[in-house]
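Below is one structure, written out as structure tokens, with a few remarks after it.
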Amino acid sequence: FVVCLFRCATDAMDVAKKFVTELETATREYNGKTFLRADNPKTWEVFDGRDQFVEPDHLNPAIFDFNCVSILGFTGLENVHNWWSSDEVHEILSLRDSIEKMGVFVVEGLQKATDLQERDRWAFGDRLLLLELMNISHYEPAQQYTDKYQQIIDKIGLSSTLLFAESVSHTLVSEFPIDHACATSWRMKSEAQRWYDTDLYRDHLMPLRKEASKSLAILIPIFPDPRLDEFERAKRQGNASLALRSTVR
């Protein structure tokens with residue numbers, strides 16, 4: 001997997017989103033897939049590490065202050081490098097004025113990536129991704145964390161998919177300080193919350209992550225909820241009753 005984080009300029013969001021889309025589209029030639037695209041932080045939920053996501057004050061800047069995420073999947077590392085070193089990507093990167101910060105990180109995956117365009121995702125598949133990012137100060141507990149993560153999540157009996165729980169193997173752009181990353185996909189928010197609230201997670205994983213790093217745990221939609229799209233359209237059209245129905249189905 002390739003985890004791409006962006007801090008898009010708020011006064012040029014449309015241009016920034018086009019930039020991200022062009023990077024994603026360029027993967028197709030190299031058997032790449034877009035597993036997740038999220039660029040509406042209002043729909044994200046921070047489980048912990050908010051001060052690393054939104055700075056509490058100017059003396060303590062947030063290190064994970066991204067507002068757009070794209071997670072890409074490739075069949076192998078060679079395809080990643082061929083994509084990244086291509087003329088097309090070089091040209092796209094030369095036009096990144098609307099991107100204030102950018103991080104691109106390769107993490108070894110535990111599952112084969114599927115593409116948003118290939119799936120009836122919202123109706124039948126996992127809808128949410130619990131993404132945990134770490135900026136490491138102590139390596140040993142960080143490695144214990146990612147090793148135990150894989151062992152413990154198999155024991156809880158919840159329906160989830162562990163996509164990766166590894167240290168970053170290659171850094172292509174390093175404007176966000178990411179060293180380790182974990183990602184699990186979930187059908188329902190309640191299931192992700194139950195995992196986060198289990199004694200196994202709270203007692204055996206979280207202390208290691210806190211000891212090892214500055215970190216962020218954030219729940220992100222894998223793709224837009226079509227009901228929210230309908231709600232926004234209804235609001236723009238001034239149809240309050242339709243907007244309400246679209247959110248309570």
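To be explicit about the labels: the chains of the structure tokens are called A, B, and onward in the order shown, and within each one the residues are counted from 1, while ligands get numbers from 1 in the order they are shown.
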
- Query: Within 9 Å of range 181-191 of chain A, counting only C-alpha atoms, which residues qualify if same-chain residues fewer than 6 places away don't, as a VMD selection string?
  - Reply: chain A and resid 3 107 124 to 134 146 149 158 to 168 219 222

- Item | alpha helix (DSSP H) per DSSP on the backbone: members of range 22-100 of chain A, as a list in words |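 Filtering range 22-100 of chain A down to alpha helix (DSSP H) leaves Glu22, Leu23, Glu24, Thr25, Ala26, Arg50, Asp51, Gln52, Phe53, Leu77, Glu78, Asn79, Val80, His81, Asn82, Trp83, Trp84, Asp87, Glu88, Val89, His90, Glu91, Ile92 and Leu93 of chain A.
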
Taking N, CA and C atoms for each residue, export the selection above as a CSV table (one decimal), in the first residue's frame.
```csv
chain,number,residue,atom,x,y,z
A,22,GLU,N,-5.4,13.3,-10.1
A,22,GLU,CA,-4.4,13.0,-11.2
A,22,GLU,C,-3.4,12.0,-10.8
A,23,LEU,N,-2.9,12.2,-9.5
A,23,LEU,CA,-1.9,11.2,-9.0
A,23,LEU,C,-2.5,9.8,-8.9
A,24,GLU,N,-3.8,9.7,-8.5
A,24,GLU,CA,-4.5,8.4,-8.4
A,24,GLU,C,-4.6,7.8,-9.8
A,25,THR,N,-5.1,8.6,-10.8
A,25,THR,CA,-5.3,8.2,-12.1
A,25,THR,C,-4.1,7.6,-12.8
A,26,ALA,N,-2.9,8.3,-12.4
A,26,ALA,CA,-1.6,7.9,-13.0
A,26,ALA,C,-1.2,6.5,-12.6
A,50,ARG,N,-5.8,14.1,19.0
A,50,ARG,CA,-6.3,15.3,18.4
A,50,ARG,C,-5.3,16.4,18.3
A,51,ASP,N,-4.5,16.6,19.3
A,51,ASP,CA,-3.5,17.7,19.3
A,51,ASP,C,-2.5,17.5,18.2
A,52,GLN,N,-2.3,16.3,17.7
A,52,GLN,CA,-1.4,16.0,16.6
A,52,GLN,C,-2.1,16.3,15.2
A,53,PHE,N,-3.4,16.4,15.3
A,53,PHE,CA,-4.2,16.6,14.1
A,53,PHE,C,-4.6,18.1,13.9
A,77,LEU,N,6.4,-3.7,-5.3
A,77,LEU,CA,7.2,-2.4,-5.1
A,77,LEU,C,7.7,-1.9,-6.4
A,78,GLU,N,8.0,-2.7,-7.4
A,78,GLU,CA,8.5,-2.2,-8.7
A,78,GLU,C,7.5,-1.3,-9.3
A,79,ASN,N,6.2,-1.7,-9.2
A,79,ASN,CA,5.2,-0.9,-9.8
A,79,ASN,C,5.1,0.4,-9.1
A,80,VAL,N,5.3,0.4,-7.8
A,80,VAL,CA,5.2,1.7,-7.1
A,80,VAL,C,6.3,2.6,-7.6
A,81,HIS,N,7.5,2.1,-7.7
A,81,HIS,CA,8.6,3.0,-8.2
A,81,HIS,C,8.5,3.4,-9.6
A,82,ASN,N,7.9,2.5,-10.5
A,82,ASN,CA,7.7,2.9,-11.9
A,82,ASN,C,6.6,4.0,-12.0
A,83,TRP,N,5.6,3.9,-11.1
A,83,TRP,CA,4.6,5.0,-11.1
A,83,TRP,C,5.2,6.3,-10.6
A,84,TRP,N,5.9,6.2,-9.5
A,84,TRP,CA,6.5,7.4,-8.9
A,84,TRP,C,7.5,8.1,-9.8
A,87,ASP,N,7.2,10.0,-16.1
A,87,ASP,CA,7.1,11.4,-16.5
A,87,ASP,C,5.8,12.0,-16.2
A,88,GLU,N,4.7,11.2,-16.2
A,88,GLU,CA,3.4,11.8,-15.8
A,88,GLU,C,3.3,12.3,-14.4
A,89,VAL,N,3.9,11.5,-13.5
A,89,VAL,CA,3.8,11.9,-12.1
A,89,VAL,C,4.8,13.1,-11.9
A,90,HIS,N,5.9,13.1,-12.5
A,90,HIS,CA,6.8,14.2,-12.4
A,90,HIS,C,6.2,15.5,-12.9
A,91,GLU,N,5.4,15.4,-13.9
A,91,GLU,CA,4.7,16.6,-14.4
A,91,GLU,C,3.6,17.0,-13.4
A,92,ILE,N,2.9,16.1,-12.9
A,92,ILE,CA,1.8,16.4,-11.9
A,92,ILE,C,2.5,17.1,-10.6
A,93,LEU,N,3.6,16.5,-10.2
A,93,LEU,CA,4.2,17.1,-9.0
A,93,LEU,C,4.7,18.5,-9.2
```

- Message: Please report the interatomic distance between CA of Gln193 in chain A and CA of Phe47 in chain A in Å with one decimal.
- Response: 8.6 Å

Which neighbours of Thr75 in chain A fall inside 9 Å, counting only C-alpha atoms, when residues of the same chain fewer than 6 positions from it are skipped, and could you give them as an mmCIF file with N, CA, C and O atoms, in the first residue's frame?
```
data_model
loop_
_atom_site.group_PDB
_atom_site.id
_atom_site.type_symbol
_atom_site.label_atom_id
_atom_site.label_comp_id
_atom_site.auth_asym_id
_atom_site.auth_seq_id
_atom_site.Cartn_x
_atom_site.Cartn_y
_atom_site.Cartn_z
ATOM 1 N N PHE A 1 0.845 -1.195 0.000
ATOM 2 C CA PHE A 1 0.000 0.000 0.000
ATOM 3 C C PHE A 1 0.881 1.246 0.000
ATOM 4 O O PHE A 1 1.994 1.240 0.525
ATOM 5 N N TYR A 30 0.190 1.338 -14.042
ATOM 6 C CA TYR A 30 1.148 0.486 -13.328
ATOM 7 C C TYR A 30 0.425 -0.480 -12.388
ATOM 8 O O TYR A 30 0.941 -0.858 -11.343
ATOM 9 N N ASN A 31 -0.782 -0.880 -12.793
ATOM 10 C CA ASN A 31 -1.604 -1.820 -12.022
ATOM 11 C C ASN A 31 -1.913 -1.306 -10.629
ATOM 12 O O ASN A 31 -2.072 -2.100 -9.682
ATOM 13 N N GLY A 32 -1.994 -0.002 -10.508
ATOM 14 C CA GLY A 32 -2.328 0.592 -9.223
ATOM 15 C C GLY A 32 -3.826 0.761 -9.048
ATOM 16 O O GLY A 32 -4.577 0.854 -10.029
ATOM 17 N N LYS A 112 -4.725 -7.944 -0.440
ATOM 18 C CA LYS A 112 -4.708 -7.405 -1.792
ATOM 19 C C LYS A 112 -5.674 -6.227 -1.866
ATOM 20 O O LYS A 112 -6.810 -6.315 -1.423
ATOM 21 N N ALA A 113 -5.205 -5.124 -2.417
ATOM 22 C CA ALA A 113 -6.045 -3.931 -2.510
ATOM 23 C C ALA A 113 -7.119 -4.104 -3.571
ATOM 24 O O ALA A 113 -6.894 -4.717 -4.618
#
```

- Query: Neighbours of Val69 in chain A within 6 Å (only C-alpha atoms; same-chain residues fewer than 5 positions away dropped), as a PyMOL selection string?
  - Reply: chain A and resi 4-5+37-38

Take the residues from that selection and write them out as a PDB file, in the first residue's frame, keeping N, CA, C and O atoms.
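Now in again-v6.pdb:
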```
ATOM      1  N   CYS A   4      -0.902   8.184   1.147  1.00  0.00           N
ATOM      2  CA  CYS A   4      -0.638   9.551   0.682  1.00  0.00           C
ATOM      3  C   CYS A   4      -1.440  10.525   1.544  1.00  0.00           C
ATOM      4  O   CYS A   4      -2.668  10.421   1.618  1.00  0.00           O
ATOM      5  N   LEU A   5      -0.747  11.440   2.179  1.00  0.00           N
ATOM      6  CA  LEU A   5      -1.374  12.451   3.024  1.00  0.00           C
ATOM      7  C   LEU A   5      -1.124  13.821   2.410  1.00  0.00           C
ATOM      8  O   LEU A   5      -0.010  14.107   1.962  1.00  0.00           O
ATOM      9  N   ARG A  37     -10.196   7.207  -0.787  1.00  0.00           N
ATOM     10  CA  ARG A  37     -10.011   8.637  -1.057  1.00  0.00           C
ATOM     11  C   ARG A  37     -10.936   9.398  -0.124  1.00  0.00           C
ATOM     12  O   ARG A  37     -12.160   9.203  -0.154  1.00  0.00           O
ATOM     13  N   ALA A  38     -10.363  10.240   0.710  1.00  0.00           N
ATOM     14  CA  ALA A  38     -11.160  11.001   1.675  1.00  0.00           C
ATOM     15  C   ALA A  38     -10.624  12.420   1.725  1.00  0.00           C
ATOM     16  O   ALA A  38      -9.443  12.634   2.026  1.00  0.00           O
TER      17      ALA A  38
END
```

- Item | All strand (DSSP E or B) residues (DSSP, backbone) inside range 117-178 of chain A, as a list in words |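 DSSP on the backbone gives strand (DSSP E or B) at Leu128, Leu129, Leu130, Leu131, Glu132, Leu133, Met134, Asn135, Ile136, Ser160, Thr161, Leu162, Leu163, Phe164, Ala165, Glu166, Ser167, His170, Thr171, Leu172, Val173 and Ser174 of chain A.
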
- Task: For Asp39 in chain A, please output as a list in words all residues within 10 Å (counting only C-alpha atoms; exclusion window: fewer than 2 positions along the same chain).
- Result: Phe6, Arg7, Cys8, Met13, Ala16, Lys17, Val20, Arg37, Pro41, Lys42, Thr43, Trp44, Phe66, Asn67, Cys68, Val69, Ser70, Ile220, Pro221, Phe223 and Pro224 of chain A

- Message: My list of candidates is A:Ile152, A:Leu95, A:Leu110, A:Val104. Which is closest to Val2 in chain A when distances are computed with only C-alpha atoms?
- Response: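 So, comparing all the options, the nearest one is A:Val104.
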
- For CA of Lys33 in chain A and CA of Ile153 in chain A, determine how far apart the two atoms are, in Å to one decimal place.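 Between CA of Lys33 in chain A and CA of Ile153 in chain A the gap is 25.6 Å.
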
Report as a short mmCIF file (atom, residue, chain, number, x, y, z; two decimals) with N, CA, C and O atoms, in the first residue's frame all protein, DNA and RNA residues lying within 9 Å of Asp115 in chain A, evaluated on only C-alpha atoms, omitting residues in the same chain fewer than 2 positions from it.
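Generated output (part-v8.cif):
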```cif
data_model
loop_
_atom_site.label_atom_id
_atom_site.label_comp_id
_atom_site.auth_asym_id
_atom_site.auth_seq_id
_atom_site.Cartn_x
_atom_site.Cartn_y
_atom_site.Cartn_z
N GLY A 32 -1.99 0.00 -10.51
CA GLY A 32 -2.33 0.59 -9.22
C GLY A 32 -3.83 0.76 -9.05
O GLY A 32 -4.58 0.85 -10.03
N LYS A 33 -4.25 0.79 -7.80
CA LYS A 33 -5.66 0.95 -7.48
C LYS A 33 -5.81 1.98 -6.37
O LYS A 33 -4.92 2.14 -5.53
N THR A 34 -6.95 2.66 -6.37
CA THR A 34 -7.26 3.59 -5.29
C THR A 34 -8.17 2.88 -4.31
O THR A 34 -9.35 2.64 -4.60
N PHE A 35 -7.63 2.54 -3.15
CA PHE A 35 -8.42 1.84 -2.14
C PHE A 35 -9.30 2.81 -1.37
O PHE A 35 -10.45 2.51 -1.04
N LEU A 36 -8.76 3.99 -1.06
CA LEU A 36 -9.49 4.97 -0.26
C LEU A 36 -9.18 6.36 -0.77
O LEU A 36 -8.04 6.66 -1.14
N LEU A 72 -3.37 3.99 -1.84
CA LEU A 72 -3.25 3.31 -3.13
C LEU A 72 -2.72 1.90 -2.92
O LEU A 72 -1.99 1.63 -1.96
N GLY A 73 -3.09 1.01 -3.80
CA GLY A 73 -2.60 -0.36 -3.74
C GLY A 73 -1.90 -0.75 -5.03
O GLY A 73 -2.35 -0.41 -6.13
N ALA A 113 -5.20 -5.12 -2.42
CA ALA A 113 -6.05 -3.93 -2.51
C ALA A 113 -7.12 -4.10 -3.57
O ALA A 113 -6.89 -4.72 -4.62
N GLN A 117 -13.64 1.74 -7.70
CA GLN A 117 -14.49 1.60 -8.88
C GLN A 117 -14.88 0.15 -9.14
O GLN A 117 -15.76 -0.12 -9.95
N GLU A 118 -14.24 -0.81 -8.47
CA GLU A 118 -14.52 -2.21 -8.69
C GLU A 118 -15.54 -2.79 -7.72
O GLU A 118 -15.93 -3.93 -7.82
N ARG A 119 -15.92 -2.01 -6.72
CA ARG A 119 -16.68 -2.57 -5.62
C ARG A 119 -18.05 -1.91 -5.48
O ARG A 119 -18.19 -0.72 -5.69
#
```
